[in-house]
Amino acid sequence: GSFASPSVMAYILHQKYTLGLPLYRQEQEWRRLGVPISRQTMANWVVYVAHEWLHPLYQELRRHLLVQDILQADETTVQVLHEDGRAPEAKSYM
């Protein structure tokens, strides 16, 4: 189990992904506030949120898209360094 509330986990993810604040800097800020939370703990929470909260959302969105007659896509490519089964220099689609 986790002692983190959903709002704390949402705040950490917002800081990380919306504001670009790395976990090590969040760790420093939490410590300054008197709440020692290690970056490893926060990293575990990020994985937990992705698996428990975001993956079901992804599955439902995917299911919805697959039954559509027409899809439009942005074919912009990005480089993903650690993608299973692909070379680091391979391009992936957004």
# chains A, B, ... in the order shown; residues from 1 in each chain; ligands from 1

$ select_by_dssp --residues "stretch 3-90 of chain A" --states "helix (DSSP H, G or I)" --output "PyMOL selection string"
chain A and resi 6-18+23-32+39-66

$ write_last_selection --atoms "N, CA and C atoms" --output "compact mmCIF listing (two decimals), in the first residue's frame"
# COMPACT_ATOMS: atom_id res chain seq x y z
N PRO A 6 -4.32 10.32 -3.63
CA PRO A 6 -4.40 10.58 -5.07
C PRO A 6 -4.01 12.02 -5.42
N SER A 7 -4.35 12.98 -4.56
CA SER A 7 -4.01 14.37 -4.88
C SER A 7 -2.51 14.61 -4.81
N VAL A 8 -1.81 13.96 -3.87
CA VAL A 8 -0.35 14.10 -3.80
C VAL A 8 0.28 13.48 -5.04
N MET A 9 -0.18 12.30 -5.43
CA MET A 9 0.37 11.66 -6.63
C MET A 9 0.09 12.51 -7.87
N ALA A 10 -1.11 13.07 -7.96
CA ALA A 10 -1.44 13.93 -9.10
C ALA A 10 -0.55 15.17 -9.11
N TYR A 11 -0.28 15.73 -7.94
CA TYR A 11 0.58 16.91 -7.85
C TYR A 11 2.00 16.57 -8.31
N ILE A 12 2.53 15.43 -7.89
CA ILE A 12 3.88 15.02 -8.28
C ILE A 12 3.95 14.82 -9.80
N LEU A 13 2.95 14.17 -10.38
CA LEU A 13 2.94 13.97 -11.83
C LEU A 13 2.79 15.30 -12.57
N HIS A 14 1.96 16.19 -12.04
CA HIS A 14 1.81 17.53 -12.65
C HIS A 14 3.15 18.26 -12.63
N GLN A 15 3.82 18.25 -11.48
CA GLN A 15 5.12 18.91 -11.38
C GLN A 15 6.11 18.31 -12.37
N LYS A 16 6.11 16.99 -12.49
CA LYS A 16 7.08 16.31 -13.35
C LYS A 16 6.77 16.50 -14.84
N TYR A 17 5.53 16.26 -15.23
CA TYR A 17 5.22 16.22 -16.66
C TYR A 17 4.68 17.53 -17.22
N THR A 18 3.97 18.31 -16.45
CA THR A 18 3.46 19.58 -16.95
C THR A 18 4.50 20.68 -16.77
N LEU A 23 12.24 14.65 -10.45
CA LEU A 23 11.94 14.11 -9.12
C LEU A 23 12.99 14.50 -8.09
N TYR A 24 14.25 14.62 -8.49
CA TYR A 24 15.27 14.99 -7.49
C TYR A 24 15.02 16.40 -6.95
N ARG A 25 14.51 17.29 -7.81
CA ARG A 25 14.20 18.65 -7.32
C ARG A 25 12.92 18.66 -6.50
N GLN A 26 11.98 17.81 -6.86
CA GLN A 26 10.77 17.68 -6.03
C GLN A 26 11.14 17.11 -4.66
N GLU A 27 12.06 16.16 -4.65
CA GLU A 27 12.54 15.59 -3.39
C GLU A 27 13.11 16.70 -2.49
N GLN A 28 13.89 17.58 -3.08
CA GLN A 28 14.47 18.70 -2.32
C GLN A 28 13.37 19.62 -1.78
N GLU A 29 12.37 19.90 -2.60
CA GLU A 29 11.29 20.79 -2.19
C GLU A 29 10.45 20.16 -1.08
N TRP A 30 10.12 18.90 -1.21
CA TRP A 30 9.37 18.22 -0.14
C TRP A 30 10.16 18.24 1.16
N ARG A 31 11.49 18.03 1.06
CA ARG A 31 12.33 18.04 2.27
C ARG A 31 12.31 19.43 2.91
N ARG A 32 12.38 20.49 2.09
CA ARG A 32 12.32 21.86 2.62
C ARG A 32 11.00 22.12 3.34
N ARG A 39 13.09 10.37 -3.98
CA ARG A 39 12.76 10.34 -5.41
C ARG A 39 12.42 8.92 -5.86
N GLN A 40 13.01 7.91 -5.21
CA GLN A 40 12.67 6.52 -5.55
C GLN A 40 11.21 6.23 -5.22
N THR A 41 10.77 6.72 -4.07
CA THR A 41 9.35 6.55 -3.70
C THR A 41 8.46 7.24 -4.71
N MET A 42 8.81 8.47 -5.09
CA MET A 42 8.00 9.18 -6.08
C MET A 42 8.03 8.47 -7.42
N ALA A 43 9.18 7.92 -7.81
CA ALA A 43 9.27 7.16 -9.06
C ALA A 43 8.35 5.95 -9.01
N ASN A 44 8.30 5.28 -7.86
CA ASN A 44 7.39 4.15 -7.70
C ASN A 44 5.94 4.59 -7.84
N TRP A 45 5.62 5.76 -7.29
CA TRP A 45 4.25 6.29 -7.41
C TRP A 45 3.91 6.60 -8.87
N VAL A 46 4.87 7.14 -9.61
CA VAL A 46 4.65 7.45 -11.03
C VAL A 46 4.31 6.16 -11.79
N VAL A 47 5.07 5.09 -11.52
CA VAL A 47 4.81 3.80 -12.17
C VAL A 47 3.43 3.28 -11.75
N TYR A 48 3.12 3.40 -10.48
CA TYR A 48 1.82 2.95 -9.97
C TYR A 48 0.67 3.68 -10.68
N VAL A 49 0.78 4.99 -10.78
CA VAL A 49 -0.27 5.78 -11.43
C VAL A 49 -0.42 5.37 -12.89
N ALA A 50 0.70 5.19 -13.58
CA ALA A 50 0.64 4.79 -14.99
C ALA A 50 -0.07 3.44 -15.13
N HIS A 51 0.28 2.50 -14.27
CA HIS A 51 -0.29 1.16 -14.37
C HIS A 51 -1.73 1.09 -13.90
N GLU A 52 -2.02 1.67 -12.76
CA GLU A 52 -3.34 1.52 -12.14
C GLU A 52 -4.38 2.52 -12.64
N TRP A 53 -3.97 3.72 -12.99
CA TRP A 53 -4.93 4.75 -13.35
C TRP A 53 -4.92 5.08 -14.83
N LEU A 54 -3.73 5.19 -15.42
CA LEU A 54 -3.66 5.63 -16.81
C LEU A 54 -3.80 4.49 -17.81
N HIS A 55 -3.31 3.31 -17.48
CA HIS A 55 -3.41 2.19 -18.42
C HIS A 55 -4.88 1.83 -18.72
N PRO A 56 -5.77 1.76 -17.73
CA PRO A 56 -7.18 1.51 -18.07
C PRO A 56 -7.77 2.59 -18.97
N LEU A 57 -7.38 3.83 -18.77
CA LEU A 57 -7.84 4.92 -19.64
C LEU A 57 -7.32 4.71 -21.05
N TYR A 58 -6.03 4.37 -21.16
CA TYR A 58 -5.43 4.08 -22.47
C TYR A 58 -6.19 2.95 -23.17
N GLN A 59 -6.49 1.88 -22.44
CA GLN A 59 -7.19 0.73 -23.03
C GLN A 59 -8.56 1.14 -23.57
N GLU A 60 -9.28 1.95 -22.81
CA GLU A 60 -10.61 2.39 -23.25
C GLU A 60 -10.51 3.31 -24.46
N LEU A 61 -9.55 4.23 -24.47
CA LEU A 61 -9.37 5.11 -25.63
C LEU A 61 -8.99 4.29 -26.87
N ARG A 62 -8.12 3.31 -26.69
CA ARG A 62 -7.70 2.44 -27.79
C ARG A 62 -8.90 1.67 -28.34
N ARG A 63 -9.71 1.10 -27.44
CA ARG A 63 -10.90 0.36 -27.86
C ARG A 63 -11.83 1.27 -28.68
N HIS A 64 -12.00 2.48 -28.21
CA HIS A 64 -12.87 3.44 -28.91
C HIS A 64 -12.31 3.77 -30.30
N LEU A 65 -11.01 3.99 -30.40
CA LEU A 65 -10.40 4.33 -31.68
C LEU A 65 -10.50 3.18 -32.69
N LEU A 66 -10.34 1.96 -32.21
CA LEU A 66 -10.32 0.82 -33.13
C LEU A 66 -11.67 0.53 -33.77

$ select_by_dssp --residues "chain A" --states "strand (DSSP E or B)" --output "ChimeraX atom specification"
/A:77-79,91-93

$ residues_around --residues "A:Val80" --least-positions-apart "4" --cutoff "12 Å" --atoms "only C-alpha atoms" --output "list in words"
Asp84, Gly85, Arg86, Ala87, Pro88, Glu89, Ala90, Lys91, Ser92, Tyr93 and Met94 of chain A

$ write_last_selection --atoms "C-alpha atoms" --output "short mmCIF file (atom, residue, chain, number, x, y, z; two decimals), in the first residue's frame"
data_model
loop_
_atom_site.label_atom_id
_atom_site.label_comp_id
_atom_site.auth_asym_id
_atom_site.auth_seq_id
_atom_site.Cartn_x
_atom_site.Cartn_y
_atom_site.Cartn_z
CA ASP A 84 11.82 -2.60 -26.76
CA GLY A 85 12.83 -4.27 -30.00
CA ARG A 86 14.02 -1.09 -31.70
CA ALA A 87 17.39 0.52 -32.26
CA PRO A 88 18.01 3.74 -30.26
CA GLU A 89 18.28 5.76 -33.47
CA ALA A 90 14.92 4.50 -34.85
CA LYS A 91 12.12 7.02 -35.25
CA SER A 92 8.73 6.43 -33.65
CA TYR A 93 5.44 8.09 -34.43
CA MET A 94 3.63 10.25 -31.91
#

$ atom_distance --atom1 "atom CA of A:Gly20" --atom2 "atom CA of A:Phe3"
24.1 Å
